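Peer 1: Here you go, this is input_26.cif (mmCIF, C-alpha atoms).
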data_structure
#
loop_
_atom_site.label_atom_id
_atom_site.label_comp_id
_atom_site.auth_asym_id
_atom_site.auth_seq_id
_atom_site.Cartn_x
_atom_site.Cartn_y
_atom_site.Cartn_z
CA MET A 13 129.02 -111.16 -59.06
CA SER A 14 131.42 -114.08 -59.41
CA SER A 15 130.63 -116.96 -61.73
CA PRO A 16 128.36 -119.53 -60.04
CA SER A 17 129.74 -122.94 -59.16
CA SER A 18 128.28 -126.05 -60.74
CA ARG A 19 126.66 -127.09 -57.45
CA LEU A 20 125.10 -123.63 -57.03
CA LEU A 21 123.64 -123.82 -60.53
CA ALA A 22 122.31 -127.33 -59.82
CA ALA A 23 120.77 -126.29 -56.49
CA ILE A 24 119.13 -123.22 -58.04
CA ALA A 25 117.78 -125.36 -60.89
CA GLU A 26 116.16 -127.69 -58.34
CA ILE A 27 114.73 -124.76 -56.37
CA ASP A 28 113.23 -123.39 -59.59
CA ALA A 29 111.86 -126.80 -60.62
CA THR A 30 110.28 -127.18 -57.18
CA ASN A 31 108.70 -123.72 -57.34
CA ALA A 32 107.42 -124.45 -60.85
CA SER A 33 104.76 -126.63 -59.19
CA ASP A 34 103.12 -123.53 -57.70
CA PRO A 35 99.45 -123.70 -58.71
CA ARG A 36 99.18 -119.90 -58.46
CA HIS A 37 100.19 -117.93 -61.53
CA ASP A 38 100.88 -114.26 -62.17
CA ILE A 39 101.04 -112.52 -65.53
CA VAL A 40 104.47 -111.19 -66.51
CA ALA A 41 105.08 -109.77 -69.99
CA GLY A 42 101.67 -111.07 -70.99
CA LYS A 43 102.34 -114.68 -69.98
CA PRO A 44 101.24 -116.63 -66.88
CA ARG A 45 104.10 -118.03 -64.80
CA PRO A 46 104.25 -119.74 -61.38
CA ARG A 47 104.16 -117.06 -58.70
CA GLU A 48 107.09 -118.34 -56.63
CA VAL A 49 109.29 -118.74 -59.71
CA ILE A 50 108.69 -115.07 -60.48
CA TYR A 51 109.38 -114.10 -56.87
CA SER A 52 112.62 -116.08 -56.64
CA GLU A 53 113.91 -114.58 -59.89
CA ARG A 54 113.12 -111.10 -58.60
CA MET A 55 114.98 -111.89 -55.39
CA SER A 56 118.07 -113.03 -57.29
CA ASP A 57 117.96 -110.02 -59.61
CA CYS A 58 117.67 -107.59 -56.71
CA LEU A 59 120.47 -109.34 -54.81
CA SER A 60 122.81 -109.09 -57.80
CA ARG A 61 122.16 -105.35 -58.05
CA LEU A 62 122.37 -104.53 -54.36
CA TYR A 63 125.10 -107.00 -53.35
CA PRO A 64 127.13 -107.94 -56.45
CA GLU A 65 129.71 -109.76 -54.30
CA ALA A 66 127.13 -111.87 -52.44
CA SER A 67 128.34 -115.22 -51.16
CA GLU A 68 127.04 -118.53 -52.48
CA ALA A 69 125.11 -118.98 -49.22
CA LEU A 70 123.36 -115.64 -49.62
CA ARG A 71 122.55 -116.33 -53.25
CA LEU A 72 120.94 -119.64 -52.32
CA ALA A 73 119.00 -118.10 -49.43
CA ALA A 74 117.63 -115.39 -51.69
CA ARG A 75 116.55 -117.88 -54.35
CA ALA A 76 114.89 -120.18 -51.80
CA GLN A 77 113.33 -117.44 -49.65
CA HIS A 78 109.75 -118.48 -50.50
CA ILE A 79 110.27 -122.03 -51.77
CA CYS A 80 106.89 -123.81 -51.85
CA ARG A 81 105.22 -121.09 -49.77
CA TRP A 82 101.83 -122.08 -51.18
CA GLN A 83 102.09 -125.31 -49.15
CA ILE A 84 101.68 -123.28 -45.94
CA PRO A 85 98.42 -121.34 -46.51
CA ARG A 86 97.92 -118.21 -44.43
CA ASP A 87 94.28 -119.10 -43.78
CA LYS A 88 95.33 -122.23 -41.89
CA HIS A 89 96.43 -119.95 -39.04
CA PRO A 90 94.21 -117.60 -37.00
CA LEU A 91 93.72 -113.97 -37.93
CA GLY A 92 95.59 -111.31 -35.99
CA ARG A 93 99.21 -110.73 -35.04
CA GLU A 94 99.66 -114.00 -33.14
CA GLY A 95 98.32 -116.07 -36.03
CA TYR A 96 100.40 -114.13 -38.52
CA ASN A 97 103.58 -114.70 -36.54
CA ALA A 98 102.80 -118.42 -36.23
CA TRP A 99 102.30 -118.61 -40.00
CA ARG A 100 105.58 -116.79 -40.69
CA SER A 101 107.41 -119.14 -38.33
CA ALA A 102 105.90 -122.18 -40.06
CA CYS A 103 106.95 -120.76 -43.44
CA ARG A 104 110.54 -120.21 -42.31
CA ASP A 105 110.76 -123.77 -40.99
CA HIS A 106 109.32 -125.12 -44.25
CA HIS A 107 111.65 -123.09 -46.48
CA ALA A 108 114.68 -124.02 -44.37
CA ALA A 109 113.87 -127.74 -44.42
CA LEU A 110 113.31 -127.87 -48.18
CA THR A 111 116.45 -125.86 -48.91
CA SER A 112 118.55 -128.01 -46.56
CA ALA A 113 117.46 -131.16 -48.39
CA ILE A 114 118.24 -129.65 -51.79
CA MET A 115 121.68 -128.45 -50.68
CA SER A 116 122.48 -131.84 -49.18
CA ARG A 117 121.64 -133.54 -52.49
CA HIS A 118 124.10 -131.25 -54.27
CA GLY A 119 127.08 -131.87 -52.03
CA TYR A 120 126.98 -128.98 -49.57
CA ALA A 121 128.51 -129.58 -46.15
CA GLU A 122 126.53 -129.28 -42.90
CA GLY A 123 128.17 -125.98 -42.00
CA GLU A 124 127.28 -124.47 -45.39
CA ILE A 125 123.70 -125.65 -45.06
CA ALA A 126 123.49 -124.21 -41.54
CA GLN A 127 124.59 -120.81 -42.81
CA VAL A 128 121.90 -120.75 -45.51
CA VAL A 129 119.28 -121.80 -42.96
CA LYS A 130 120.43 -119.01 -40.65
CA ILE A 131 120.04 -116.46 -43.45
CA ILE A 132 116.62 -117.77 -44.52
CA ARG A 133 115.43 -117.51 -40.92
CA LYS A 134 116.97 -114.01 -40.78
CA GLU A 135 118.59 -114.85 -37.47
CA GLN A 136 120.59 -112.13 -35.72
CA LEU A 137 119.03 -109.42 -37.87
CA LYS A 138 120.97 -106.16 -37.60
CA ARG A 139 123.99 -108.12 -36.35
CA ASP A 140 124.59 -110.73 -39.05
CA PRO A 141 125.50 -109.00 -42.36
CA GLU A 142 124.02 -111.73 -44.57
CA SER A 143 120.74 -111.98 -42.66
CA GLN A 144 120.49 -108.19 -42.90
CA ALA A 145 121.31 -108.23 -46.60
CA LEU A 146 118.50 -110.72 -47.25
CA GLU A 147 116.06 -108.60 -45.24
CA ASN A 148 117.00 -105.59 -47.36
CA VAL A 149 116.43 -107.54 -50.57
CA VAL A 150 113.08 -108.92 -49.35
CA ALA A 151 111.86 -105.41 -48.56
CA ILE A 152 113.10 -103.93 -51.86
CA VAL A 153 111.36 -106.66 -53.86
CA PHE A 154 108.16 -106.08 -51.90
CA VAL A 155 108.24 -102.32 -52.44
CA GLN A 156 109.14 -102.59 -56.12
CA HIS A 157 106.81 -105.39 -57.16
CA TYR A 158 104.12 -106.00 -54.54
CA LEU A 159 103.41 -102.84 -52.54
CA ASP A 160 100.97 -101.38 -55.07
CA GLU A 161 99.12 -104.70 -55.18
CA PHE A 162 98.94 -104.72 -51.37
CA VAL A 163 97.58 -101.16 -51.29
CA ALA A 164 94.98 -101.98 -53.95
CA ALA A 165 93.83 -105.01 -51.95
CA HIS A 166 93.34 -102.90 -48.80
CA LYS A 167 91.30 -99.95 -49.99
CA ASP A 168 89.77 -99.70 -46.51
CA TYR A 169 93.18 -98.69 -45.08
CA ASP A 170 93.89 -94.97 -44.91
CA GLU A 171 97.31 -93.49 -45.65
CA ALA A 172 98.31 -93.43 -41.98
CA LYS A 173 97.58 -97.16 -41.53
CA LEU A 174 99.38 -98.09 -44.74
CA ALA A 175 102.38 -95.99 -43.72
CA ASP A 176 102.46 -97.70 -40.32
CA ILE A 177 102.43 -101.16 -41.93
CA LEU A 178 105.19 -100.12 -44.32
CA ARG A 179 107.15 -98.58 -41.45
CA LYS A 180 107.31 -101.99 -39.73
CA THR A 181 108.90 -103.41 -42.88
CA LEU A 182 111.32 -100.55 -43.45
CA ARG A 183 112.57 -100.45 -39.88
CA LYS A 184 114.02 -103.94 -40.35
CA MET A 185 116.24 -102.53 -43.10
CA ASP A 186 119.54 -100.70 -42.74
CA PRO A 187 120.66 -97.49 -44.51
CA VAL A 188 121.74 -99.50 -47.58
CA GLY A 189 118.23 -100.86 -47.93
CA HIS A 190 116.57 -97.49 -47.30
CA ALA A 191 118.70 -95.81 -49.97
CA ALA A 192 117.90 -98.58 -52.45
CA ALA A 193 114.16 -98.27 -51.73
CA LEU A 194 114.21 -94.52 -52.25
CA GLY A 195 116.20 -94.99 -55.46
CA LEU A 196 113.52 -97.13 -57.09
CA SER A 197 111.46 -95.78 -59.97
CA LEU A 198 108.03 -95.80 -58.32
CA PRO A 199 104.68 -94.07 -58.80
CA GLU A 200 104.46 -90.81 -56.86
CA PRO A 201 101.81 -92.09 -54.38
CA THR A 202 104.10 -95.02 -53.50
CA ARG A 203 107.11 -92.74 -53.04
CA ARG A 204 105.01 -90.50 -50.82
CA LEU A 205 103.97 -93.47 -48.70
CA ILE A 206 107.60 -94.55 -48.29
CA GLY A 207 108.60 -91.01 -47.36
CA ILE A 208 105.94 -90.89 -44.64
CA ALA A 209 106.95 -94.33 -43.35
CA LEU A 210 110.61 -93.31 -43.09
CA LYS A 211 109.88 -90.22 -40.98
#
What does this structure look like when you write it as structure tokens?
Peer 2:
Amino acid sequence: MSSPSSRLLAAIAEIDATNASDPRHDIVAGKPRPREVIYSERMSDCLSRLYPEASEALRLAARAQHICRWQIPRDKHPLGREGYNAWRSACRDHHAALTSAIMSRHGYAEGEIAQVVKIIRKEQLKRDPESQALENVVAIVFVQHYLDEFVAAHKDYDEAKLADILRKTLRKMDPVGHAAALGLSLPEPTRRLIGIALK
């Protein structure tokens, strides 16, 4: 990955400082850290591995993918698919607006900001390479770091239901993403679940 520009470093620093206000903390290496800081770092790390030549726009979109997500609580929207989709839409709008303001403060042009917003919203998935790349990275990070937690939180789901939920995530990916998911070092039950979902 090419060396980051000064404005990219400044924008990422502001994204990280903003996410540092997350009141939710997870334990990593024995220490509590803001959840969205951890998530954004994992997104950047995965992007650098999967797409080492990623553009500045894609690198910003990955870092800001969940910026201030705690400000849009899931429980403020109804249960069910319709409520979930409304929540996801509200999150995308929120992330895009915050990232646009940060980029503007660091000298990015309107066209550059528009491209990052497009990627964050994952517009033209399967057709736009950068939107697709971000979707792959999102799914890989979920599988690697959050899938086991999700399974543990839904003990009432049987293997078929879990596989169906995972299938909906994996089908948004392309072959690059599928290969990366299968290449992860994962517990055998998780690998089995992915194998079932990919059938």
Peer 1: Which residues match the PyMOL selection byres ((chain A and resi 128) around 9) in the file above, as a ChimeraX atom specification?
Peer 2: /A:68-73,108,111-112,123-127,129-133
Peer 1: Evaluate the PyMOL selection byres ((chain A and resi 150) around 10) against this structure - the residues, as a PDB file with C-alpha atoms, in the frame of the given file, please.
Peer 2:
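Saved result, result-v1.pdb, follows:
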ATOM      1  CA  TYR A  51     109.380-114.100 -56.870  1.00  0.00           C
ATOM      2  CA  ARG A  54     113.120-111.100 -58.600  1.00  0.00           C
ATOM      3  CA  MET A  55     114.980-111.890 -55.390  1.00  0.00           C
ATOM      4  CA  CYS A  58     117.670-107.590 -56.710  1.00  0.00           C
ATOM      5  CA  LEU A  59     120.470-109.340 -54.810  1.00  0.00           C
ATOM      6  CA  ALA A  74     117.630-115.390 -51.690  1.00  0.00           C
ATOM      7  CA  GLN A  77     113.330-117.440 -49.650  1.00  0.00           C
ATOM      8  CA  GLN A 144     120.490-108.190 -42.900  1.00  0.00           C
ATOM      9  CA  ALA A 145     121.310-108.230 -46.600  1.00  0.00           C
ATOM     10  CA  LEU A 146     118.500-110.720 -47.250  1.00  0.00           C
ATOM     11  CA  GLU A 147     116.060-108.600 -45.240  1.00  0.00           C
ATOM     12  CA  ASN A 148     117.000-105.590 -47.360  1.00  0.00           C
ATOM     13  CA  VAL A 149     116.430-107.540 -50.570  1.00  0.00           C
ATOM     14  CA  ALA A 151     111.860-105.410 -48.560  1.00  0.00           C
ATOM     15  CA  ILE A 152     113.100-103.930 -51.860  1.00  0.00           C
ATOM     16  CA  VAL A 153     111.360-106.660 -53.860  1.00  0.00           C
ATOM     17  CA  PHE A 154     108.160-106.080 -51.900  1.00  0.00           C
ATOM     18  CA  VAL A 155     108.240-102.320 -52.440  1.00  0.00           C
ATOM     19  CA  THR A 181     108.900-103.410 -42.880  1.00  0.00           C
ATOM     20  CA  MET A 185     116.240-102.530 -43.100  1.00  0.00           C
ATOM     21  CA  GLY A 189     118.230-100.860 -47.930  1.00  0.00           C
TER      22      GLY A 189
END
Peer 1: May I ask which of the residues A:Tyr169, A:Ala209, A:Ala109, A:Ala76 is the closest one to Ala23 in chain A, counting all atoms listed in the file?
Peer 2: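 Closest to Ala23 in chain A, using all atoms listed in the file: A:Ala76.
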Peer 1: List the spatial neighbours of Arg179 in chain A as a PyMOL selection string - criterion: any atom at most 7 Å away, all atoms listed in the file, same-chain residues fewer than 4 positions off excluded.
Peer 2: chain A and resi 175+183+209-210
Peer 1: Measuring between all atoms listed in the file, which one of A:Arg117, A:His107, A:Gly95, A:Tyr158 shows the shortest distance to Arg47 in chain A?
Peer 2: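 Smallest separation from Arg47 in chain A among the options: A:Tyr158.
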Peer 1: Name the residues in contact with Pro199 in chain A at a cut-off of 12 Å, using only C-alpha atoms, excluding same-chain residues fewer than 3 positions from it; report them as a PyMOL selection string.
Peer 2: chain A and resi 155-157+159-160+194+196+202-206
Peer 1: For the residues selected in the previous step, produce a file with C-alpha atoms as a PDB file, in the coordinates of the input.
Peer 2:
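Written output follows (out_29.pdb):
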ATOM      1  CA  VAL A 155     108.240-102.320 -52.440  1.00  0.00           C
ATOM      2  CA  GLN A 156     109.140-102.590 -56.120  1.00  0.00           C
ATOM      3  CA  HIS A 157     106.810-105.390 -57.160  1.00  0.00           C
ATOM      4  CA  LEU A 159     103.410-102.840 -52.540  1.00  0.00           C
ATOM      5  CA  ASP A 160     100.970-101.380 -55.070  1.00  0.00           C
ATOM      6  CA  LEU A 194     114.210 -94.520 -52.250  1.00  0.00           C
ATOM      7  CA  LEU A 196     113.520 -97.130 -57.090  1.00  0.00           C
ATOM      8  CA  THR A 202     104.100 -95.020 -53.500  1.00  0.00           C
ATOM      9  CA  ARG A 203     107.110 -92.740 -53.040  1.00  0.00           C
ATOM     10  CA  ARG A 204     105.010 -90.500 -50.820  1.00  0.00           C
ATOM     11  CA  LEU A 205     103.970 -93.470 -48.700  1.00  0.00           C
ATOM     12  CA  ILE A 206     107.600 -94.550 -48.290  1.00  0.00           C
TER      13      ILE A 206
END
Peer 1: Restricting the calculation to only C-alpha atoms, which member of A:Asp170, A:Ile50, A:Arg81, A:Glu200 is positioned closest to Asp38 in chain A?
Peer 2: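 For Asp38 in chain A, the nearest of the given residues is A:Ile50.
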Peer 1: Run the PyMOL selection byres ((chain A and resi 24-27) around 9) on the file and write out the hits as number ranges by chain.
Peer 2: A: 19-23, 28-32, 49, 52, 72, 75-76, 79, 110-111, 114
Peer 1: Write the residues you've just listed into a file as a PDB file, in the coordinates of the input, and include C-alpha atoms for each of them.
Peer 2:
ATOM      1  CA  ARG A  19     126.660-127.090 -57.450  1.00  0.00           C
ATOM      2  CA  LEU A  20     125.100-123.630 -57.030  1.00  0.00           C
ATOM      3  CA  LEU A  21     123.640-123.820 -60.530  1.00  0.00           C
ATOM      4  CA  ALA A  22     122.310-127.330 -59.820  1.00  0.00           C
ATOM      5  CA  ALA A  23     120.770-126.290 -56.490  1.00  0.00           C
ATOM      6  CA  ASP A  28     113.230-123.390 -59.590  1.00  0.00           C
ATOM      7  CA  ALA A  29     111.860-126.800 -60.620  1.00  0.00           C
ATOM      8  CA  THR A  30     110.280-127.180 -57.180  1.00  0.00           C
ATOM      9  CA  ASN A  31     108.700-123.720 -57.340  1.00  0.00           C
ATOM     10  CA  ALA A  32     107.420-124.450 -60.850  1.00  0.00           C
ATOM     11  CA  VAL A  49     109.290-118.740 -59.710  1.00  0.00           C
ATOM     12  CA  SER A  52     112.620-116.080 -56.640  1.00  0.00           C
ATOM     13  CA  LEU A  72     120.940-119.640 -52.320  1.00  0.00           C
ATOM     14  CA  ARG A  75     116.550-117.880 -54.350  1.00  0.00           C
ATOM     15  CA  ALA A  76     114.890-120.180 -51.800  1.00  0.00           C
ATOM     16  CA  ILE A  79     110.270-122.030 -51.770  1.00  0.00           C
ATOM     17  CA  LEU A 110     113.310-127.870 -48.180  1.00  0.00           C
ATOM     18  CA  THR A 111     116.450-125.860 -48.910  1.00  0.00           C
ATOM     19  CA  ILE A 114     118.240-129.650 -51.790  1.00  0.00           C
TER      20      ILE A 114
END
Peer 1: Looking at A:Glu135, A:Gly92, A:Tyr63, A:Asn97, which one is nearest to Val188 in chain A, with distances taken over only C-alpha atoms?
Peer 2: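 Smallest separation from Val188 in chain A among the options: A:Tyr63.
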Peer 1: Can you tell me how far CA of Arg61 in chain A sits from CA of Leu178 in chain A, in Å to one decimal?
Peer 2: 22.4 Å
Peer 1: Could you list as a list in words every residue that has an atom within 12 Å of (95.0, -123.6, -42.5), using the file's coordinates and counting all atoms listed in the file?
Peer 2: Trp82, Gln83, Ile84, Pro85, Arg86, Asp87, Lys88, His89, Pro90, Leu91, Gly95, Tyr96, Ala98, Trp99 and Ala102 of chain A
Peer 1: At what distance in Å, to one decimal, does CA of Arg139 in chain A lie from CA of His118 in chain A?
Peer 2: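 Interatomic distance here is 29.3 Å.
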Peer 1: Kindly provide, as JSON, the centre and edge lengths (Å, one decimal) of an axis-aligned box around all atoms of range 72-79 of chain A given in the file, with 5 Å on each side.
Peer 2:
{"center_x": 115.3, "center_y": -118.7, "center_z": -51.9, "size_x": 21.2, "size_y": 16.6, "size_z": 14.9}
Peer 1: Out of A:His37, A:Val163, A:Lys43, A:Leu62, which residue has the shortest atom-to-atom distance to Ala192 in chain A when counting only C-alpha atoms?
Peer 2: A:Leu62
Peer 1: What separation in Å, quoted to one decimal, exists between CA of Ala172 in chain A and CA of Arg100 in chain A?
Peer 2: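 Distance reported for this atom pair: 24.5 Å.
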Peer 1: Counting all atoms listed in the file, which residue out of A:Ser17, A:Cys80, A:Glu53, A:Pro141 sits closest to Ser33 in chain A?
Peer 2: A:Cys80
